[in-house]
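Chemist: Here you go, coords_8.cif (mmCIF, N, CA and C atoms):
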data_entry
#
loop_
_atom_site.label_atom_id
_atom_site.label_comp_id
_atom_site.auth_asym_id
_atom_site.auth_seq_id
_atom_site.Cartn_x
_atom_site.Cartn_y
_atom_site.Cartn_z
N MET A 1 45.76 34.86 33.19
CA MET A 1 45.56 33.62 32.49
C MET A 1 44.09 33.42 32.16
N THR A 2 43.21 34.04 32.91
CA THR A 2 41.78 33.82 32.70
C THR A 2 41.28 34.43 31.39
N TYR A 3 41.90 35.49 30.95
CA TYR A 3 41.47 36.10 29.70
C TYR A 3 42.12 35.43 28.48
N LEU A 4 43.26 34.80 28.67
CA LEU A 4 43.99 34.25 27.55
C LEU A 4 43.44 32.90 27.10
N LEU A 5 43.01 32.09 28.02
CA LEU A 5 42.53 30.75 27.66
C LEU A 5 41.28 30.79 26.78
N PRO A 6 40.25 31.59 27.08
CA PRO A 6 39.11 31.64 26.15
C PRO A 6 39.48 32.19 24.78
N ALA A 7 40.39 33.15 24.72
CA ALA A 7 40.82 33.68 23.43
C ALA A 7 41.56 32.61 22.63
N ALA A 8 42.40 31.85 23.30
CA ALA A 8 43.14 30.77 22.62
C ALA A 8 42.18 29.69 22.12
N LEU A 9 41.22 29.32 22.95
CA LEU A 9 40.25 28.31 22.53
C LEU A 9 39.41 28.79 21.36
N PHE A 10 39.07 30.07 21.35
CA PHE A 10 38.30 30.64 20.24
C PHE A 10 39.11 30.60 18.94
N ILE A 11 40.39 30.94 19.02
CA ILE A 11 41.24 30.92 17.83
C ILE A 11 41.42 29.49 17.34
N PHE A 12 41.62 28.54 18.25
CA PHE A 12 41.74 27.14 17.86
C PHE A 12 40.45 26.65 17.21
N PHE A 13 39.30 27.07 17.73
CA PHE A 13 38.01 26.68 17.18
C PHE A 13 37.83 27.24 15.77
N LEU A 14 38.17 28.52 15.57
CA LEU A 14 38.02 29.12 14.25
C LEU A 14 38.94 28.46 13.22
N SER A 15 40.16 28.16 13.62
CA SER A 15 41.06 27.51 12.66
C SER A 15 40.61 26.09 12.36
N SER A 16 40.04 25.40 13.33
CA SER A 16 39.51 24.06 13.08
C SER A 16 38.34 24.12 12.11
N LEU A 17 37.47 25.12 12.28
CA LEU A 17 36.37 25.28 11.33
C LEU A 17 36.88 25.54 9.92
N TYR A 18 37.91 26.36 9.80
CA TYR A 18 38.47 26.64 8.48
C TYR A 18 38.98 25.35 7.84
N PHE A 19 39.73 24.56 8.60
CA PHE A 19 40.30 23.35 8.03
C PHE A 19 39.23 22.30 7.74
N LEU A 20 38.13 22.31 8.46
CA LEU A 20 37.06 21.35 8.19
C LEU A 20 36.19 21.77 7.01
N LEU A 21 35.91 23.07 6.87
CA LEU A 21 34.93 23.51 5.89
C LEU A 21 35.53 24.07 4.61
N VAL A 22 36.66 24.74 4.68
CA VAL A 22 37.17 25.47 3.52
C VAL A 22 38.36 24.77 2.87
N PHE A 23 39.22 24.20 3.67
CA PHE A 23 40.47 23.64 3.15
C PHE A 23 40.17 22.46 2.23
N PRO A 24 40.95 22.30 1.14
CA PRO A 24 40.66 21.21 0.19
C PRO A 24 40.79 19.83 0.84
N ARG A 25 39.90 18.95 0.46
CA ARG A 25 39.85 17.62 1.06
C ARG A 25 40.78 16.62 0.37
N GLU A 26 40.97 16.79 -0.93
CA GLU A 26 41.77 15.81 -1.64
C GLU A 26 43.25 15.96 -1.27
N LYS A 27 43.88 14.85 -1.05
CA LYS A 27 45.28 14.82 -0.64
C LYS A 27 46.16 14.73 -1.89
N ASP A 28 46.39 15.86 -2.52
CA ASP A 28 47.21 15.88 -3.71
C ASP A 28 48.53 16.59 -3.41
N GLU A 29 49.27 16.90 -4.44
CA GLU A 29 50.57 17.55 -4.28
C GLU A 29 50.43 18.95 -3.70
N ARG A 30 49.39 19.66 -4.08
CA ARG A 30 49.14 21.02 -3.58
C ARG A 30 48.89 21.00 -2.07
N TYR A 31 48.09 20.05 -1.62
CA TYR A 31 47.79 19.91 -0.19
C TYR A 31 49.07 19.62 0.59
N ASN A 32 49.89 18.71 0.08
CA ASN A 32 51.13 18.36 0.76
C ASN A 32 52.09 19.54 0.82
N LEU A 33 52.15 20.32 -0.25
CA LEU A 33 53.03 21.49 -0.27
C LEU A 33 52.57 22.55 0.73
N ILE A 34 51.27 22.80 0.79
CA ILE A 34 50.73 23.77 1.74
C ILE A 34 51.01 23.33 3.17
N MET A 35 50.79 22.06 3.46
CA MET A 35 51.04 21.55 4.82
C MET A 35 52.52 21.61 5.19
N MET A 36 53.39 21.31 4.23
CA MET A 36 54.82 21.32 4.50
C MET A 36 55.29 22.73 4.86
N TYR A 37 54.89 23.72 4.07
CA TYR A 37 55.29 25.09 4.35
C TYR A 37 54.64 25.62 5.63
N SER A 38 53.40 25.26 5.87
CA SER A 38 52.71 25.73 7.08
C SER A 38 53.37 25.18 8.34
N PHE A 39 53.67 23.89 8.33
CA PHE A 39 54.33 23.30 9.49
C PHE A 39 55.74 23.86 9.67
N LYS A 40 56.43 24.13 8.56
CA LYS A 40 57.79 24.67 8.65
C LYS A 40 57.77 26.05 9.30
N TYR A 41 56.88 26.94 8.85
CA TYR A 41 56.82 28.28 9.42
C TYR A 41 56.33 28.26 10.86
N ALA A 42 55.40 27.37 11.17
CA ALA A 42 54.93 27.27 12.55
C ALA A 42 56.03 26.77 13.47
N TYR A 43 56.83 25.81 13.00
CA TYR A 43 57.93 25.30 13.80
C TYR A 43 58.98 26.38 14.05
N TYR A 44 59.33 27.14 13.01
CA TYR A 44 60.30 28.22 13.19
C TYR A 44 59.77 29.29 14.14
N ALA A 45 58.51 29.62 14.03
CA ALA A 45 57.91 30.60 14.93
C ALA A 45 57.94 30.10 16.38
N LEU A 46 57.60 28.83 16.57
CA LEU A 46 57.60 28.26 17.91
C LEU A 46 59.01 28.25 18.50
N MET A 47 60.00 27.84 17.73
CA MET A 47 61.37 27.79 18.24
C MET A 47 61.89 29.19 18.57
N ALA A 48 61.59 30.17 17.73
CA ALA A 48 62.04 31.54 18.00
C ALA A 48 61.36 32.10 19.25
N MET A 49 60.07 31.84 19.38
CA MET A 49 59.35 32.35 20.55
C MET A 49 59.80 31.66 21.84
N LEU A 50 60.03 30.35 21.79
CA LEU A 50 60.52 29.64 22.98
C LEU A 50 61.92 30.11 23.37
N LEU A 51 62.77 30.34 22.38
CA LEU A 51 64.11 30.86 22.67
C LEU A 51 64.02 32.24 23.31
N ALA A 52 63.17 33.09 22.77
CA ALA A 52 62.99 34.42 23.35
C ALA A 52 62.42 34.34 24.77
N THR A 53 61.49 33.42 24.99
CA THR A 53 60.90 33.27 26.32
C THR A 53 61.95 32.81 27.34
N PHE A 54 62.77 31.84 26.95
CA PHE A 54 63.80 31.37 27.87
C PHE A 54 64.87 32.42 28.13
N ILE A 55 65.24 33.18 27.09
CA ILE A 55 66.23 34.23 27.29
C ILE A 55 65.68 35.32 28.19
N PHE A 56 64.44 35.75 27.96
CA PHE A 56 63.85 36.78 28.81
C PHE A 56 63.64 36.28 30.23
N SER A 57 63.34 35.00 30.40
CA SER A 57 63.16 34.47 31.75
C SER A 57 64.49 34.46 32.51
N GLU A 58 65.58 34.22 31.80
CA GLU A 58 66.90 34.27 32.44
C GLU A 58 67.29 35.72 32.76
N LEU A 59 67.00 36.64 31.85
CA LEU A 59 67.36 38.04 32.07
C LEU A 59 66.53 38.68 33.18
N LEU A 60 65.26 38.33 33.26
CA LEU A 60 64.38 38.93 34.24
C LEU A 60 64.23 38.09 35.52
N ASN A 61 64.98 37.00 35.59
CA ASN A 61 65.00 36.12 36.76
C ASN A 61 63.63 35.54 37.10
N PHE A 62 62.91 35.07 36.08
CA PHE A 62 61.67 34.34 36.31
C PHE A 62 61.99 32.91 36.70
N GLU A 63 61.17 32.35 37.53
CA GLU A 63 61.29 30.93 37.81
C GLU A 63 60.50 30.17 36.75
N VAL A 64 60.92 28.93 36.47
CA VAL A 64 60.27 28.16 35.41
C VAL A 64 58.85 27.77 35.82
N VAL A 65 58.58 27.62 37.10
CA VAL A 65 57.24 27.23 37.56
C VAL A 65 56.36 28.45 37.84
N ASN A 66 56.82 29.61 37.49
CA ASN A 66 56.06 30.84 37.71
C ASN A 66 54.84 30.89 36.80
N ALA A 67 53.79 31.54 37.24
CA ALA A 67 52.56 31.65 36.43
C ALA A 67 52.81 32.46 35.16
N TYR A 68 53.67 33.46 35.24
CA TYR A 68 53.98 34.26 34.05
C TYR A 68 54.68 33.42 32.99
N PHE A 69 55.55 32.53 33.43
CA PHE A 69 56.26 31.67 32.49
C PHE A 69 55.29 30.71 31.80
N THR A 70 54.36 30.16 32.55
CA THR A 70 53.35 29.28 31.99
C THR A 70 52.48 30.02 30.97
N GLU A 71 52.13 31.24 31.28
CA GLU A 71 51.34 32.04 30.35
C GLU A 71 52.14 32.39 29.10
N ALA A 72 53.43 32.62 29.26
CA ALA A 72 54.28 32.93 28.11
C ALA A 72 54.39 31.72 27.18
N ILE A 73 54.45 30.51 27.75
CA ILE A 73 54.50 29.31 26.92
C ILE A 73 53.18 29.15 26.15
N LEU A 74 52.06 29.45 26.80
CA LEU A 74 50.76 29.38 26.12
C LEU A 74 50.70 30.39 24.98
N VAL A 75 51.24 31.58 25.19
CA VAL A 75 51.28 32.58 24.13
C VAL A 75 52.17 32.11 22.99
N ASP A 76 53.29 31.46 23.31
CA ASP A 76 54.17 30.92 22.26
C ASP A 76 53.44 29.89 21.41
N LEU A 77 52.71 28.99 22.05
CA LEU A 77 51.95 27.99 21.31
C LEU A 77 50.86 28.62 20.46
N LEU A 78 50.22 29.65 21.00
CA LEU A 78 49.16 30.34 20.26
C LEU A 78 49.73 31.04 19.03
N ILE A 79 50.88 31.68 19.16
CA ILE A 79 51.50 32.37 18.03
C ILE A 79 51.94 31.36 16.98
N SER A 80 52.46 30.22 17.42
CA SER A 80 52.84 29.17 16.48
C SER A 80 51.62 28.64 15.72
N HIS A 81 50.53 28.45 16.44
CA HIS A 81 49.31 27.97 15.78
C HIS A 81 48.77 29.02 14.80
N LEU A 82 48.85 30.28 15.17
CA LEU A 82 48.41 31.34 14.25
C LEU A 82 49.30 31.38 13.01
N ALA A 83 50.61 31.18 13.19
CA ALA A 83 51.51 31.15 12.03
C ALA A 83 51.15 30.00 11.11
N PHE A 84 50.83 28.84 11.69
CA PHE A 84 50.43 27.70 10.88
C PHE A 84 49.14 27.98 10.12
N THR A 85 48.14 28.49 10.82
CA THR A 85 46.84 28.73 10.20
C THR A 85 46.92 29.82 9.13
N LEU A 86 47.59 30.92 9.43
CA LEU A 86 47.67 32.00 8.46
C LEU A 86 48.48 31.60 7.23
N THR A 87 49.54 30.83 7.43
CA THR A 87 50.30 30.35 6.28
C THR A 87 49.45 29.43 5.41
N ALA A 88 48.68 28.55 6.03
CA ALA A 88 47.82 27.66 5.26
C ALA A 88 46.75 28.44 4.51
N ILE A 89 46.17 29.46 5.14
CA ILE A 89 45.14 30.27 4.48
C ILE A 89 45.73 31.03 3.30
N ILE A 90 46.88 31.65 3.50
CA ILE A 90 47.50 32.45 2.43
C ILE A 90 47.91 31.56 1.26
N LEU A 91 48.53 30.42 1.57
CA LEU A 91 48.96 29.53 0.49
C LEU A 91 47.75 28.90 -0.22
N ASN A 92 46.68 28.65 0.50
CA ASN A 92 45.48 28.10 -0.12
C ASN A 92 44.86 29.10 -1.09
N LYS A 93 44.92 30.39 -0.77
CA LYS A 93 44.37 31.42 -1.66
C LYS A 93 45.26 31.61 -2.88
N ARG A 94 46.59 31.52 -2.69
CA ARG A 94 47.52 31.77 -3.80
C ARG A 94 47.59 30.62 -4.80
N MET A 95 47.49 29.40 -4.30
CA MET A 95 47.71 28.25 -5.19
C MET A 95 46.42 27.79 -5.84
#
So, in terms of structure tokens, how does the structure I just supplied come out?

Modeler:
Amino acid sequence: MTYLLPAALFIFFLSSLYFLLVFPREKDERYNLIMMYSFKYAYYALMAMLLATFIFSELLNFEVVNAYFTEAILVDLLISHLAFTLTAIILNKRM
């Protein structure tokens, strides 16, 4: 867990910088469309990863309060955030 938390914080920091400095400020139809698709893909990624985590925890007999399970949830959140950020970046470049 000690190596994952600084990496996650660094990724969150970089994505925050992108949204503060590069992402368009005006709230128009393009902005709403990019946010809608980004949140949709991030939500689907999070649900798929959480489902996979719970299925693997049942198959491998992990306890829910186990440190590995907590780390897996953090990885799920990180992947969901990356899906959101990458979708927003790609759609911002295309539109």

Chemist: Could you tell me how far atom N of A:Phe23 lies from atom N of A:Ala45, in Å and to one decimal?

Modeler: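 Separation of atom N of A:Phe23 and atom N of A:Ala45: 22.6 Å.
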
Chemist: Just to confirm, what's the straight-line distance from atom CA of A:Met47 to atom N of A:Ala88 in Å (one decimal)?

Modeler: 17.6 Å

Chemist: Could you state the separation of atom N of A:Phe56 and atom CA of A:Ala72 in Å, given to one decimal place?

Modeler: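 For atom N of A:Phe56 relative to atom CA of A:Ala72, the distance reads 10.5 Å.
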
Chemist: What are the DSSP helix (DSSP H, G or I) residues of stretch 2-94 of chain A, as an MDAnalysis selection string?

Modeler: chainID A and resid 4:21 29:59 67:94
